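Novice: Here it is: the structure, laid out below.
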Amino acid sequence: MPEMPEHHDEGSAIASTGAGGATDLAMSEAETLEKAPTGPDGTGPDKKARSLWSDAWHDLRRNPIFIVSGLIILFLVVIAIWPQLIASGNPLDCDLSKAQEGSQPGHPFGFNGQGCDVYTRTVYGARASIQVGVLATLGVTLLGSVLGGLAGFYGGAWDGFLSRITDVFFAIPVVLGGLVLLSVVSDNSVWPVIGFMVLLGWPQISRIARGSVITAKQNDYVQAARALGASNSRMLLRHITPNAVAPVIVVATIALGTYISLEATLSFLGVGLKPPTVSWGIDISSASQYIRNAPHMLLWPAGALAVTVLAFIMLGDAVRDALDPKLR
């Protein structure tokens, strides 16, 4: 039979194969293979994919809740460190002749029952509340993360023992525990209150850290590191902790506002911070009996406390949304 002439389209390219055959590729496909692939955002192949943390920061910068709460917290931290920037008076200077008086020039919030300037005491009260909240959160997070992380990683008897201990601490009412433990302390500083919060607050973080570590150590990259002979410390520090710390950060951020409100509650009950320490809880306690005659004494410190707690809760919610892949 006569050989049929081979016809090729003008818009095709021929790629020889090792078997001696030929594969026709459309010219458009050949040009596509020659071009460097681009990502969905138009970036080149050399652009690295964002990590969990960089991706979370990318989302947080565009979250108005995070921006608003972050600015409020930044302002509170600044006045807690340098209250004299916006309050020139002394919170302990009082004049009984002005007790319970309302707003006056130079004293926009009026005076309390002892004749002290409510505005100055409200500004200076941020220092004790922020200090207690931040230090208690750091202590709770550090202690709970270490104990829970080790229990989740090693398991066995240590895990069972820690689980029973956390059950015991969960059964203790926080306010009742504060009334019992802090009532016998005569120290007027913030450290007894911080120590009490760390003592009763670490089980929650411990449970979160334990669950995160158990989930992370089952991933393939951890099993591969174990098969290659990586030590327990290296797996825990290099592979497990960076991938298990996100839930702990979220819970700790939300808990910070809770610890600030807990300090105010204990101070209101008379077992937390004590005079001459300036605290919103102390001022709320002393103003509660004058709420009918001089409501301004209660409204300003209570409002400052509410805004502070709300700001930290909003920040925690924003961080949770940014770090939770299920919400993307």
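Quick note on naming: the chains in the structure tokens go A, B, ... in the order shown, residues restart at 1 in each chain, and ligands are numbered from 1 in order of appearance.
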Taking only region 89-215 of chain A into account, list the residues labelled alpha helix (DSSP H) by DSSP (computed from the backbone), as a PyMOL selection string.
Specialist: chain A and resi 118-154+156-170+174-182+191-215
Novice: Might you pull out every residue within 12 Å of Gly125 (chain A), with only C-alpha atoms counted and same-chain residues fewer than 4 positions away left off, and present them as number ranges by chain?
Specialist: A: 76-77, 79-83, 87, 90-92, 118-121, 129-132, 260, 263-264, 267, 273, 275-284, 300-302, 304-305, 308
Novice: Find the spatial neighbours of region 288-293 of chain A, counting only C-alpha atoms, within a cut-off of 10 Å - ignore same-chain residues fewer than 6 positions away - and output them as an mmCIF file with N, CA and C atoms, in the first residue's frame.
Specialist:
data_model
loop_
_atom_site.group_PDB
_atom_site.id
_atom_site.type_symbol
_atom_site.label_atom_id
_atom_site.label_comp_id
_atom_site.auth_asym_id
_atom_site.auth_seq_id
_atom_site.Cartn_x
_atom_site.Cartn_y
_atom_site.Cartn_z
ATOM 1 N N GLN A 100 -17.332 63.493 97.568
ATOM 2 C CA GLN A 100 -18.537 63.188 96.778
ATOM 3 C C GLN A 100 -18.955 64.314 95.856
ATOM 4 N N GLU A 101 -18.151 65.355 95.705
ATOM 5 C CA GLU A 101 -18.512 66.435 94.787
ATOM 6 C C GLU A 101 -18.365 65.974 93.343
ATOM 7 N N ASN A 112 -14.161 61.292 95.129
ATOM 8 C CA ASN A 112 -14.758 60.127 95.779
ATOM 9 C C ASN A 112 -15.126 60.447 97.221
ATOM 10 N N GLY A 113 -15.466 59.419 97.989
ATOM 11 C CA GLY A 113 -15.929 59.633 99.360
ATOM 12 C C GLY A 113 -14.872 60.176 100.290
ATOM 13 N N PHE A 268 -12.724 43.958 95.261
ATOM 14 C CA PHE A 268 -14.042 44.423 95.698
ATOM 15 C C PHE A 268 -14.482 43.708 96.970
ATOM 16 N N LEU A 299 -19.185 54.898 88.368
ATOM 17 C CA LEU A 299 -19.288 54.724 86.916
ATOM 18 C C LEU A 299 -17.920 54.785 86.222
#
Novice: Pull the closest atom pair for each residue of region 235-309 of chain A that gets at most 12 Å from region 317-323 of chain A, along with the distance in Å to one decimal, counting only C-alpha atoms, ordering rows by chain and then ascending residue number, as a Markdown table.
Specialist:
| residue | atom | partner | partner_atom | distance |
| --- | --- | --- | --- | --- |
| A:Asn243 | CA | A:Leu323 | CA | 11.0 |
| A:Ala244 | CA | A:Leu323 | CA | 11.2 |
| A:Val245 | CA | A:Leu323 | CA | 10.3 |
| A:Ala246 | CA | A:Leu323 | CA | 6.5 |
| A:Pro247 | CA | A:Arg320 | CA | 7.8 |
| A:Val248 | CA | A:Arg320 | CA | 10.1 |
| A:Ile249 | CA | A:Val319 | CA | 8.3 |
| A:Val250 | CA | A:Arg320 | CA | 5.4 |
| A:Val251 | CA | A:Arg320 | CA | 8.3 |
| A:Ala252 | CA | A:Val319 | CA | 10.6 |
| A:Thr253 | CA | A:Val319 | CA | 8.1 |
| A:Ile254 | CA | A:Asp317 | CA | 7.3 |
| A:Ala255 | CA | A:Asp317 | CA | 11.1 |
| A:Gly257 | CA | A:Asp317 | CA | 11.7 |
Novice: Can you write out the residues you just picked, keeping N, CA and C atoms, as a PDB file, in the first residue's frame?
Specialist:
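This went into selection.pdb:
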ATOM      1  N   ASN A 243       3.998  23.985  66.387  1.00  0.00           N
ATOM      2  CA  ASN A 243       2.724  23.647  65.766  1.00  0.00           C
ATOM      3  C   ASN A 243       1.618  23.392  66.781  1.00  0.00           C
ATOM      4  N   ALA A 244       1.931  23.462  68.068  1.00  0.00           N
ATOM      5  CA  ALA A 244       0.929  23.229  69.101  1.00  0.00           C
ATOM      6  C   ALA A 244       0.663  24.452  69.956  1.00  0.00           C
ATOM      7  N   VAL A 245       1.388  25.542  69.722  1.00  0.00           N
ATOM      8  CA  VAL A 245       1.305  26.693  70.615  1.00  0.00           C
ATOM      9  C   VAL A 245       0.151  27.635  70.268  1.00  0.00           C
ATOM     10  N   ALA A 246      -0.395  27.544  69.057  1.00  0.00           N
ATOM     11  CA  ALA A 246      -1.442  28.487  68.632  1.00  0.00           C
ATOM     12  C   ALA A 246      -2.675  28.441  69.538  1.00  0.00           C
ATOM     13  N   PRO A 247      -3.252  27.267  69.850  1.00  0.00           N
ATOM     14  CA  PRO A 247      -4.424  27.268  70.747  1.00  0.00           C
ATOM     15  C   PRO A 247      -4.121  27.828  72.132  1.00  0.00           C
ATOM     16  N   VAL A 248      -2.898  27.607  72.618  1.00  0.00           N
ATOM     17  CA  VAL A 248      -2.518  28.134  73.927  1.00  0.00           C
ATOM     18  C   VAL A 248      -2.505  29.656  73.906  1.00  0.00           C
ATOM     19  N   ILE A 249      -1.977  30.241  72.830  1.00  0.00           N
ATOM     20  CA  ILE A 249      -1.933  31.699  72.715  1.00  0.00           C
ATOM     21  C   ILE A 249      -3.340  32.288  72.683  1.00  0.00           C
ATOM     22  N   VAL A 250      -4.241  31.648  71.968  1.00  0.00           N
ATOM     23  CA  VAL A 250      -5.618  32.139  71.880  1.00  0.00           C
ATOM     24  C   VAL A 250      -6.281  32.135  73.246  1.00  0.00           C
ATOM     25  N   VAL A 251      -6.185  31.020  73.960  1.00  0.00           N
ATOM     26  CA  VAL A 251      -6.821  30.912  75.282  1.00  0.00           C
ATOM     27  C   VAL A 251      -6.186  31.892  76.266  1.00  0.00           C
ATOM     28  N   ALA A 252      -4.868  32.039  76.210  1.00  0.00           N
ATOM     29  CA  ALA A 252      -4.178  32.948  77.132  1.00  0.00           C
ATOM     30  C   ALA A 252      -4.584  34.401  76.874  1.00  0.00           C
ATOM     31  N   THR A 253      -4.751  34.767  75.611  1.00  0.00           N
ATOM     32  CA  THR A 253      -5.138  36.144  75.294  1.00  0.00           C
ATOM     33  C   THR A 253      -6.525  36.472  75.842  1.00  0.00           C
ATOM     34  N   ILE A 254      -7.461  35.538  75.680  1.00  0.00           N
ATOM     35  CA  ILE A 254      -8.805  35.761  76.217  1.00  0.00           C
ATOM     36  C   ILE A 254      -8.792  35.738  77.736  1.00  0.00           C
ATOM     37  N   ALA A 255      -7.975  34.833  78.318  1.00  0.00           N
ATOM     38  CA  ALA A 255      -7.930  34.708  79.781  1.00  0.00           C
ATOM     39  C   ALA A 255      -7.351  35.948  80.446  1.00  0.00           C
ATOM     40  N   GLY A 257      -8.029  39.096  80.001  1.00  0.00           N
ATOM     41  CA  GLY A 257      -9.131  39.947  80.436  1.00  0.00           C
ATOM     42  C   GLY A 257      -9.878  39.353  81.610  1.00  0.00           C
TER      43      GLY A 257
END
Novice: Would you kindly return, as an MDAnalysis selection string, each protein, DNA or RNA residue with an atom no farther than 8 Å from any atom of Pro192 (chain A), considering only C-alpha atoms and excluding same-chain residues fewer than 5 positions away?
Specialist: chainID A and resid 182 185 187
Novice: What is the distance between CA of Ser69 (chain A) and CA of Ala287 (chain A), in Å to one decimal?
Specialist: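 These two atoms are separated by 27.9 Å.
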Novice: Have a look at CA of Ile65 (chain A) and CA of Leu256 (chain A) and let me know their distance in Å, one decimal.
Specialist: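 Calculated distance between CA of Ile65 (chain A) and CA of Leu256 (chain A) is 17.0 Å.
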Novice: So that I can check the surroundings of Ser233 (chain A), please list as a PyMOL selection string every protein, DNA and RNA residue that reaches within 12 Å of it, counting only C-alpha atoms and ignoring chain neighbours fewer than 6 positions away.
Specialist: chain A and resi 149-150+153-154+225-226+239-241
Novice: For each of A:Gly272, A:Gly316, A:Pro295, A:Gly70, take the minimum atom-to-atom distance to Ser189 (chain A), counting only C-alpha atoms, then give the residue where this is smallest.
Specialist: A:Gly272
Novice: Would you mind telling me which residue in A:Ile67, A:Ala56, A:Gln84, A:Ile194 lies nearest to Tyr259 (chain A) when using only C-alpha atoms?
Specialist: A:Ile194
Novice: Go through A:Pro108, A:Thr141, A:Phe170, A:Gly178 one by one, measure the shortest atom-to-atom distance of each to Leu269 (chain A) using only C-alpha atoms, and give the residue with the smallest value.
Specialist: A:Gly178
Novice: Can you work out which one of A:Leu262, A:Ala294, A:Leu135, A:Val78 has the shortest atom-to-atom distance to Gly177 (chain A), counting only C-alpha atoms?
Specialist: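 Closest to Gly177 (chain A) of all the choices is A:Leu262.
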Novice: Pick the closest to Ala99 (chain A) from A:Phe312, A:Met297, A:Phe169, A:Ser163: which is it, counting only C-alpha atoms?
Specialist: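 Going through A:Phe312, A:Met297, A:Phe169, A:Ser163 one by one, the smallest distance to Ala99 (chain A) is for A:Met297.
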Novice: For the atom pair CA of Leu181 (chain A) and CA of Val140 (chain A), what is the interatomic distance in Å to one decimal place?
Specialist: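 We find that CA of Leu181 (chain A) and CA of Val140 (chain A) lie 17.6 Å from each other.
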Novice: From the DSSP assignment of the backbone, select every residue of region 63-272 of chain A that is strand (DSSP E or B), and format the answer as a list in words.
Specialist: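 Taking region 63-272 of chain A and keeping strand (DSSP E or B) only, one gets Cys94, Gln104, His107, Phe111, Cys116 and Asp117 of chain A.
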